[in-house]
Every structure is written in structure tokens, then in C-alpha cells.
$ cat model12.cif   # mmCIF, C-alpha atoms
data_work
#
loop_
_atom_site.group_PDB
_atom_site.id
_atom_site.type_symbol
_atom_site.label_atom_id
_atom_site.label_comp_id
_atom_site.auth_asym_id
_atom_site.auth_seq_id
_atom_site.Cartn_x
_atom_site.Cartn_y
_atom_site.Cartn_z
ATOM 1 C CA MET A 261 40.019 10.268 70.147
ATOM 2 C CA ALA A 262 39.659 11.975 66.767
ATOM 3 C CA GLN A 263 40.395 8.676 65.064
ATOM 4 C CA LYS A 264 37.551 6.964 67.006
ATOM 5 C CA LYS A 265 35.093 9.749 66.040
ATOM 6 C CA GLU A 266 36.092 9.443 62.395
ATOM 7 C CA SER A 267 35.641 5.660 62.530
ATOM 8 C CA PHE A 268 32.217 6.057 64.145
ATOM 9 C CA PHE A 269 31.183 8.549 61.445
ATOM 10 C CA TRP A 270 32.086 6.238 58.591
ATOM 11 C CA THR A 271 30.380 3.297 60.279
ATOM 12 C CA SER A 272 27.172 5.329 60.733
ATOM 13 C CA TYR A 273 27.423 6.672 57.198
ATOM 14 C CA SER A 274 27.807 3.141 55.847
ATOM 15 C CA ASP A 275 24.780 1.951 57.832
ATOM 16 C CA LEU A 276 22.736 4.891 56.563
ATOM 17 C CA MET A 277 23.654 4.218 52.937
ATOM 18 C CA THR A 278 22.837 0.542 53.361
ATOM 19 C CA SER A 279 19.432 1.400 54.815
ATOM 20 C CA LEU A 280 18.718 3.844 51.995
ATOM 21 C CA PHE A 281 19.735 1.232 49.458
ATOM 22 C CA PHE A 282 17.249 -1.280 50.884
ATOM 23 C CA VAL A 283 14.510 1.363 50.995
ATOM 24 C CA MET A 284 15.111 2.219 47.336
ATOM 25 C CA LEU A 285 15.227 -1.472 46.437
ATOM 26 C CA VAL A 286 11.870 -2.101 48.130
ATOM 27 C CA LEU A 287 10.316 0.920 46.392
ATOM 28 C CA PHE A 288 11.711 -0.238 43.057
ATOM 29 C CA ILE A 289 10.250 -3.728 43.501
ATOM 30 C CA LEU A 290 6.910 -2.241 44.573
ATOM 31 C CA VAL A 291 6.758 -0.045 41.477
ATOM 32 C CA ILE A 292 7.565 -3.010 39.218
ATOM 33 C CA VAL A 293 4.846 -5.123 40.839
ATOM 34 C CA LEU A 294 2.251 -2.341 40.523
ATOM 35 C CA LEU A 295 3.158 -1.730 36.871
ATOM 36 C CA HIS A 296 2.926 -5.434 36.165
ATOM 37 C CA LYS A 297 -0.535 -5.627 37.733
ATOM 38 C CA ARG A 298 -1.608 -2.543 35.799
ATOM 39 C CA MET A 299 -0.451 -4.114 32.529
ATOM 40 C CA GLU A 300 -2.321 -7.322 33.381
ATOM 41 C CA ALA A 301 -5.520 -5.324 34.038
ATOM 42 C CA THR A 302 -5.106 -3.400 30.773
ATOM 43 C CA GLU A 303 -4.578 -6.620 28.828
ATOM 44 C CA ALA A 304 -7.655 -8.151 30.468
ATOM 45 C CA GLN A 305 -9.692 -5.078 29.498
ATOM 46 C CA LEU A 306 -8.545 -5.330 25.888
ATOM 47 C CA GLN A 307 -9.464 -9.003 25.747
ATOM 48 C CA GLU A 308 -12.923 -8.279 27.155
ATOM 49 C CA ILE A 309 -13.483 -5.466 24.656
ATOM 50 C CA LYS A 310 -12.449 -7.769 21.798
ATOM 51 C CA LYS A 311 -14.925 -10.387 23.022
ATOM 52 C CA VAL A 312 -17.731 -7.820 23.099
ATOM 53 C CA GLU A 313 -16.846 -6.461 19.664
ATOM 54 C CA GLN A 314 -16.799 -9.990 18.272
ATOM 55 C CA SER A 315 -20.114 -10.862 19.890
ATOM 56 C CA THR A 316 -21.845 -7.787 18.444
ATOM 57 C CA LYS A 317 -20.956 -9.053 14.987
ATOM 58 C CA ASP A 318 -23.531 -11.777 15.600
ATOM 59 C CA LEU A 319 -26.225 -9.232 14.747
ATOM 60 C CA SER A 320 -28.089 -10.214 11.605
ATOM 61 C CA ARG A 321 -26.464 -9.009 8.403
ATOM 62 C CA ASP A 322 -29.946 -8.709 6.966
ATOM 63 C CA TYR A 323 -30.409 -5.551 9.021
ATOM 64 C CA PHE A 324 -26.963 -4.452 10.226
ATOM 65 C CA GLN A 325 -23.718 -3.839 8.401
ATOM 66 C CA TYR A 326 -20.633 -3.541 10.586
ATOM 67 C CA ARG A 327 -18.156 -0.925 9.377
ATOM 68 C CA SER A 328 -14.809 -1.778 10.942
ATOM 69 C CA ASP A 329 -13.262 1.458 9.659
ATOM 70 C CA TYR A 330 -15.674 3.446 11.837
ATOM 71 C CA LYS A 331 -16.459 0.803 14.507
ATOM 72 C CA LYS A 332 -20.154 1.358 13.866
ATOM 73 C CA TYR A 333 -23.175 -0.493 12.571
ATOM 74 C CA VAL A 334 -25.226 0.925 9.748
ATOM 75 C CA LEU A 335 -28.877 0.000 9.812
ATOM 76 C CA THR A 336 -29.164 -1.411 6.292
ATOM 77 C CA ILE A 337 -32.856 -0.537 5.998
ATOM 78 C CA GLN A 338 -32.476 2.510 3.808
ATOM 79 C CA VAL A 339 -34.960 5.277 4.538
ATOM 80 C CA ARG A 340 -35.883 8.281 2.431
ATOM 81 C CA TYR A 341 -37.368 11.363 4.060
ATOM 82 C CA PRO A 342 -38.836 14.488 2.507
ATOM 83 C CA ALA A 343 -36.777 17.559 3.443
ATOM 84 C CA GLY A 344 -37.413 18.671 7.009
ATOM 85 C CA LYS A 345 -39.357 15.541 8.014
ATOM 86 C CA SER A 346 -38.492 13.173 10.868
ATOM 87 C CA ASP A 347 -41.600 11.055 11.472
ATOM 88 C CA LEU A 348 -41.343 7.470 10.232
ATOM 89 C CA ASN A 349 -44.834 7.807 8.786
ATOM 90 C CA ASP A 350 -43.417 10.420 6.398
ATOM 91 C CA ILE A 351 -40.779 8.168 4.833
ATOM 92 C CA VAL A 352 -40.968 7.789 1.072
ATOM 93 C CA SER A 353 -41.301 4.123 0.130
ATOM 94 C CA THR A 354 -43.129 1.928 -2.352
ATOM 95 C CA ASP A 355 -44.013 -0.383 0.551
ATOM 96 C CA LYS A 356 -43.954 1.617 3.765
ATOM 97 C CA GLU A 357 -45.560 -1.109 5.870
ATOM 98 C CA ALA A 358 -42.910 -3.649 4.870
ATOM 99 C CA GLN A 359 -40.175 -1.147 5.671
ATOM 100 C CA LEU A 360 -41.641 -0.475 9.109
ATOM 101 C CA ARG A 361 -41.812 -4.229 9.767
ATOM 102 C CA GLN A 362 -38.119 -4.482 8.898
ATOM 103 C CA LEU A 363 -37.294 -1.656 11.305
ATOM 104 C CA ALA A 364 -39.247 -3.436 14.038
ATOM 105 C CA THR A 365 -37.352 -6.666 13.369
ATOM 106 C CA ALA A 366 -34.051 -4.791 13.583
ATOM 107 C CA GLY A 367 -35.069 -3.459 16.985
ATOM 108 C CA ARG A 368 -35.864 -6.990 18.165
ATOM 109 C CA GLU A 369 -32.432 -8.107 16.948
ATOM 110 C CA ILE A 370 -30.820 -5.553 19.263
ATOM 111 C CA ARG A 371 -33.133 -6.585 22.114
ATOM 112 C CA ASP A 372 -32.227 -10.257 21.680
ATOM 113 C CA PHE A 373 -28.506 -9.477 21.558
ATOM 114 C CA LEU A 374 -28.708 -7.561 24.839
ATOM 115 C CA LYS A 375 -30.740 -10.371 26.401
ATOM 116 C CA ASN A 376 -28.248 -13.019 25.281
ATOM 117 C CA HIS A 377 -25.391 -11.024 26.838
ATOM 118 C CA SER A 378 -27.137 -10.003 30.039
ATOM 119 C CA GLU A 379 -23.919 -10.469 32.044
ATOM 120 C CA ASN A 380 -22.589 -7.226 30.546
ATOM 121 C CA GLN A 381 -23.746 -3.630 30.731
ATOM 122 C CA TYR A 382 -24.034 -1.700 27.474
ATOM 123 C CA ILE A 383 -24.592 1.768 26.109
ATOM 124 C CA LEU A 384 -26.835 1.717 23.056
ATOM 125 C CA ILE A 385 -26.480 4.849 20.940
ATOM 126 C CA ILE A 386 -28.994 5.451 18.177
ATOM 127 C CA GLU A 387 -27.550 8.064 15.836
ATOM 128 C CA GLY A 388 -29.585 9.774 13.164
ATOM 129 C CA GLN A 389 -28.110 11.422 10.076
ATOM 130 C CA ALA A 390 -29.388 13.767 7.415
ATOM 131 C CA SER A 391 -28.437 14.488 3.824
ATOM 132 C CA LYS A 392 -27.197 17.883 2.720
ATOM 133 C CA ASP A 393 -30.010 19.982 1.312
ATOM 134 C CA ASN A 394 -31.490 23.439 1.766
ATOM 135 C CA PHE A 395 -33.050 22.666 5.138
ATOM 136 C CA LEU A 396 -31.375 24.826 7.813
ATOM 137 C CA TYR A 397 -31.846 22.580 10.838
ATOM 138 C CA ASN A 398 -30.477 19.229 9.765
ATOM 139 C CA TYR A 399 -28.646 18.677 13.054
ATOM 140 C CA GLU A 400 -31.840 19.024 15.051
ATOM 141 C CA LEU A 401 -33.624 17.006 12.380
ATOM 142 C CA SER A 402 -31.158 14.103 12.576
ATOM 143 C CA TYR A 403 -31.728 13.917 16.328
ATOM 144 C CA GLN A 404 -35.499 13.975 15.838
ATOM 145 C CA ARG A 405 -35.207 11.089 13.365
ATOM 146 C CA ALA A 406 -33.221 8.984 15.840
ATOM 147 C CA LEU A 407 -35.738 9.822 18.559
ATOM 148 C CA ALA A 408 -38.604 8.807 16.257
ATOM 149 C CA LEU A 409 -36.948 5.434 15.635
ATOM 150 C CA MET A 410 -36.493 4.875 19.366
ATOM 151 C CA ARG A 411 -40.133 5.740 20.029
ATOM 152 C CA PHE A 412 -41.210 3.436 17.216
ATOM 153 C CA TRP A 413 -39.310 0.547 18.785
ATOM 154 C CA ILE A 414 -40.525 1.153 22.332
ATOM 155 C CA GLU A 415 -44.052 2.502 21.855
ATOM 156 C CA ASP A 416 -45.262 1.032 18.564
ATOM 157 C CA SER A 417 -43.325 -2.256 18.489
ATOM 158 C CA ARG A 418 -43.414 -2.797 22.277
ATOM 159 C CA ILE A 419 -39.707 -3.638 22.407
ATOM 160 C CA THR A 420 -38.062 -3.604 25.834
ATOM 161 C CA PHE A 421 -34.267 -3.424 25.750
ATOM 162 C CA GLY A 422 -33.662 -4.580 29.314
ATOM 163 C CA SER A 423 -31.950 -3.193 32.383
ATOM 164 C CA ASN A 424 -28.419 -3.932 31.141
ATOM 165 C CA CYS A 425 -28.668 -1.212 28.533
ATOM 166 C CA GLU A 426 -28.423 2.571 28.778
ATOM 167 C CA ILE A 427 -29.949 4.222 25.715
ATOM 168 C CA LEU A 428 -28.664 7.470 24.223
ATOM 169 C CA ILE A 429 -30.200 9.347 21.302
ATOM 170 C CA SER A 430 -27.960 11.450 19.082
ATOM 171 C CA GLY A 431 -27.930 13.270 15.758
ATOM 172 C CA SER A 432 -24.827 13.963 13.667
ATOM 173 C CA GLY A 433 -26.519 16.222 11.159
ATOM 174 C CA ASP A 434 -25.540 16.579 7.525
ATOM 175 C CA GLY A 435 -21.767 16.855 7.908
ATOM 176 C CA LYS A 436 -21.562 20.619 7.368
ATOM 177 C CA LEU A 437 -19.963 21.146 10.791
ATOM 178 C CA ASP A 438 -17.293 18.508 10.005
ATOM 179 C CA THR A 439 -17.972 16.395 13.095
ATOM 180 C CA HIS A 440 -16.041 13.464 11.547
ATOM 181 C CA SER A 441 -19.073 11.210 11.660
ATOM 182 C CA MET A 442 -19.373 8.516 9.027
ATOM 183 C CA ARG A 443 -20.599 9.932 5.721
ATOM 184 C CA GLU A 444 -21.215 8.458 2.287
ATOM 185 C CA THR A 445 -20.015 10.422 -0.735
ATOM 186 C CA ASN A 446 -21.458 8.519 -3.716
ATOM 187 C CA ASP A 447 -25.076 9.498 -3.135
ATOM 188 C CA GLU A 448 -25.968 12.126 -0.550
ATOM 189 C CA ARG A 449 -29.347 10.489 -0.024
ATOM 190 C CA GLU A 450 -27.568 7.470 1.484
ATOM 191 C CA ASN A 451 -26.847 9.640 4.513
ATOM 192 C CA GLN A 452 -30.541 9.605 5.414
ATOM 193 C CA ARG A 453 -29.954 6.673 7.732
ATOM 194 C CA PHE A 454 -29.402 5.407 11.250
ATOM 195 C CA LEU A 455 -26.125 4.379 12.836
ATOM 196 C CA ILE A 456 -26.090 2.009 15.803
ATOM 197 C CA HIS A 457 -23.406 1.939 18.507
ATOM 198 C CA ILE A 458 -23.316 -0.875 21.076
ATOM 199 C CA LEU A 459 -20.614 -0.062 23.607
ATOM 200 C CA PRO A 460 -19.514 -2.060 26.672
ATOM 201 C CA LYS A 461 -20.133 -0.036 29.808
ATOM 202 C CA ASN A 462 -18.937 -2.192 32.691
ATOM 203 C CA ILE A 463 -15.676 -3.741 31.450
ATOM 204 C CA PHE A 464 -13.305 -1.095 32.795
ATOM 205 C CA GLU A 465 -15.183 -0.822 36.074
ATOM 206 C CA ASN A 466 -15.002 -4.592 36.634
ATOM 207 C CA ASN A 467 -11.281 -4.768 35.946
ATOM 208 C CA GLU A 468 -10.460 -1.788 38.144
ATOM 209 C CA ASN A 469 -12.267 -3.436 41.065
ATOM 210 C CA LYS A 470 -10.261 -6.661 40.789
#
$ encode --input "model12.cif" --output "C-alpha cells"
Amino acid sequence: MAQKKESFFWTSYSDLMTSLFFVMLVLFILVIVLLHKRMEATEAQLQEIKKVEQSTKDLSRDYFQYRSDYKKYVLTIQVRYPAGKSDLNDIVSTDKEAQLRQLATAGREIRDFLKNHSENQYILIIEGQASKDNFLYNYELSYQRALALMRFWIEDSRITFGSNCEILISGSGDGKLDTHSMRETNDERENQRFLIHILPKNIFENNENK
């Protein structure tokens, strides 16, 4: 009788271990499949981002310089402001009207890029900067300069950027707070400029929904 009970125990134990083995095997396979799908989605996202980054390089080099070290565009139309000024009408230039026409053309370049890639959603960040001087509010000033450029494009130049673009205005100041924004060191006046960011907004959302 004891021998039969012992035999029944080992048979049940063996069946239990076999069942647990199959459960663990199924879970292992499931984890591998999920990881594989996750890696495929991540790779697809990277490829899409590379496509977008490559396409943004189609922007005219007459007005935009792409800095791969910072992943940003510098608006090559150099502006010079008196200390504490943010209005585009206050810029110091030998031919202010020509400079304003160039700024308007640069805005149309961005508009046309967004229109030509209407299948994607973008975040357009217009970043103003300021040079180091004795003015105490350069961070607020850099924001006001970026805002003035945006208003110039929309109100004065009648540029519409389209529904596939979310626009953000920012100012990175004069570098005194060490915000790690892109700065030029040869001539501090070169930091009186605008930086343009064109970021893909919908790529990750699209891949996560697949």
C-alpha cells in the first residue's frame, strides 16, 4: 500500500514538473516574440527619424546652416540688435529692407518644407539667442526676439505654416546660466541669432499603434 502511494506521488510530481516546464517554455517564447517585435518597432522608428532628418537638410543653404554637432539649424541671416532691443525694426543693418526680405524668404522655405511633407506632424521651435553684454534680462530678451520673428512671419509676411506643425517659441539667453545651448566663441555678436528646430512629432505614436 505504501509502495503504491509512493508511486502515485512520483507520477503526480513528474506530471506537475512537466506542466511547469511547458508553462515556462510558453512564457519564454512569448517574451522572445514581444522583445523581437519591440526591437522591430524601435528600428522602424530610427529609420523614420533618419528619413526626416535627411529631408530637413533639403532646406536652402542660402538661409539655413545645419549643425550636425548640435542637431540644429542656424538661420544664416545674421542680425545685429542694440542692447535690450527685440523688435526687428530695431536691427542694425546697412540695408534693413533687404535683410527683412531675406527673413521672409526663410520663413517661406520652412512653410514649403512643411507643405511638401504634409504626411508627417512636426514641432517647429524658433529659438532666440542674445550676446553677453550688460543688459540684465537677456533670457527674456532672447524669447522676445524669437517671438518678434514669429510675428513677422505670420503677421507681416502672411506666412501660414499649416496644420501639421506645432509652433513653440523659446529663448536660450546669453549662456550665463550654462543651459548647454549652442554658442559661438569667436565673436560674441554672432550669438545674436535665431536657431530653428524641426522635430518629428508623430513617428513614435505611429509605430506604437502598429
$ resolve_selection --input "model12.cif" --expression "the PyMOL selection byres ((chain A and resi 445-451) around 10)" --output "PyMOL selection string"
chain A and resi 338-341+388-393+433-435+442-444+452-455
$ resolve_selection --input "model12.cif" --expression "the PyMOL selection byres ((chain A and resi 384) around 7)" --output "MDAnalysis selection string"
chainID A and resid 382:383 385:386 425:428 457:459
$ closest_residue --input "model12.cif" --among "A:Thr439, A:Asn398, A:Gln404, A:Asn376" --to "Gly422 in chain A" --atoms "all atoms listed in the file"
A:Asn376
$ closest_residue --input "model12.cif" --among "A:Phe373, A:Tyr399, A:Phe412, A:Tyr326" --to "Asn349 in chain A" --atoms "all atoms listed in the file"
A:Phe412
$ atom_distance --input "model12.cif" --atom1 "CA of Thr365 in chain A" --atom2 "CA of Tyr323 in chain A"
8.3 Å
$ residues_near_point --input "model12.cif" --point "(-27.8, -1.2, 5.3)" --cutoff "7 Å" --atoms "all atoms listed in the file" --output "mmCIF file with C-alpha atoms, in the frame of the given file"
data_model
loop_
_atom_site.group_PDB
_atom_site.id
_atom_site.type_symbol
_atom_site.label_atom_id
_atom_site.label_comp_id
_atom_site.auth_asym_id
_atom_site.auth_seq_id
_atom_site.Cartn_x
_atom_site.Cartn_y
_atom_site.Cartn_z
ATOM 1 C CA TYR A 323 -30.409 -5.551 9.021
ATOM 2 C CA PHE A 324 -26.963 -4.452 10.226
ATOM 3 C CA GLN A 325 -23.718 -3.839 8.401
ATOM 4 C CA VAL A 334 -25.226 0.925 9.748
ATOM 5 C CA LEU A 335 -28.877 0.000 9.812
ATOM 6 C CA THR A 336 -29.164 -1.411 6.292
ATOM 7 C CA ILE A 337 -32.856 -0.537 5.998
ATOM 8 C CA GLN A 338 -32.476 2.510 3.808
#
$ atom_distance --input "model12.cif" --atom1 "CA of Asp329 in chain A" --atom2 "CA of Pro460 in chain A"
18.5 Å
$ resolve_selection --input "model12.cif" --expression "the PyMOL selection byres ((chain A and resi 377) around 12)" --output "list in words"
Lys311, Val312, Ser315, Thr316, Asp318, Ile370, Arg371, Asp372, Phe373, Leu374, Lys375, Asn376, Ser378, Glu379, Asn380, Gln381, Tyr382, Phe421, Gly422, Ser423, Asn424, Cys425, Ile458 and Pro460 of chain A
$ atom_distance --input "model12.cif" --atom1 "CA of His440 in chain A" --atom2 "CA of Ser346 in chain A"
22.5 Å
$ residues_around --input "model12.cif" --residues "Lys345 in chain A" --least-positions-apart "5" --cutoff "9 Å" --atoms "only C-alpha atoms" --output "PDB file with C-alpha atoms, in the coordinates of the input"
ATOM      1  CA  ASP A 350     -43.417  10.420   6.398  1.00  0.00           C
ATOM      2  CA  ILE A 351     -40.779   8.168   4.833  1.00  0.00           C
ATOM      3  CA  LEU A 401     -33.624  17.006  12.380  1.00  0.00           C
ATOM      4  CA  GLN A 404     -35.499  13.975  15.838  1.00  0.00           C
ATOM      5  CA  ARG A 405     -35.207  11.089  13.365  1.00  0.00           C
TER       6      ARG A 405
END
$ residues_near_point --input "model12.cif" --point "(-40.4, 7.5, 17.4)" --cutoff "12 Å" --atoms "all atoms listed in the file" --output "PDB file with C-alpha atoms, in the coordinates of the input"
ATOM      1  CA  SER A 346     -38.492  13.173  10.868  1.00  0.00           C
ATOM      2  CA  ASP A 347     -41.600  11.055  11.472  1.00  0.00           C
ATOM      3  CA  LEU A 348     -41.343   7.470  10.232  1.00  0.00           C
ATOM      4  CA  ASN A 349     -44.834   7.807   8.786  1.00  0.00           C
ATOM      5  CA  ASP A 350     -43.417  10.420   6.398  1.00  0.00           C
ATOM      6  CA  LEU A 360     -41.641  -0.475   9.109  1.00  0.00           C
ATOM      7  CA  LEU A 363     -37.294  -1.656  11.305  1.00  0.00           C
ATOM      8  CA  ALA A 364     -39.247  -3.436  14.038  1.00  0.00           C
ATOM      9  CA  ILE A 386     -28.994   5.451  18.177  1.00  0.00           C
ATOM     10  CA  GLY A 388     -29.585   9.774  13.164  1.00  0.00           C
ATOM     11  CA  TYR A 403     -31.728  13.917  16.328  1.00  0.00           C
ATOM     12  CA  GLN A 404     -35.499  13.975  15.838  1.00  0.00           C
ATOM     13  CA  ARG A 405     -35.207  11.089  13.365  1.00  0.00           C
ATOM     14  CA  ALA A 406     -33.221   8.984  15.840  1.00  0.00           C
ATOM     15  CA  LEU A 407     -35.738   9.822  18.559  1.00  0.00           C
ATOM     16  CA  ALA A 408     -38.604   8.807  16.257  1.00  0.00           C
ATOM     17  CA  LEU A 409     -36.948   5.434  15.635  1.00  0.00           C
ATOM     18  CA  MET A 410     -36.493   4.875  19.366  1.00  0.00           C
ATOM     19  CA  ARG A 411     -40.133   5.740  20.029  1.00  0.00           C
ATOM     20  CA  PHE A 412     -41.210   3.436  17.216  1.00  0.00           C
ATOM     21  CA  TRP A 413     -39.310   0.547  18.785  1.00  0.00           C
ATOM     22  CA  ILE A 414     -40.525   1.153  22.332  1.00  0.00           C
ATOM     23  CA  GLU A 415     -44.052   2.502  21.855  1.00  0.00           C
ATOM     24  CA  ASP A 416     -45.262   1.032  18.564  1.00  0.00           C
ATOM     25  CA  SER A 417     -43.325  -2.256  18.489  1.00  0.00           C
ATOM     26  CA  ARG A 418     -43.414  -2.797  22.277  1.00  0.00           C
ATOM     27  CA  ILE A 429     -30.200   9.347  21.302  1.00  0.00           C
TER      28      ILE A 429
END
$ axis_aligned_box --input "model12.cif" --around "range 431-449 of chain A" --padding-each-side "4 Å" --output "lines of an AutoDock Vina configuration file"
center_x = -22.7
center_y = 14.8
center_z = 6.0
size_x = 21.3
size_y = 20.7
size_z = 27.5
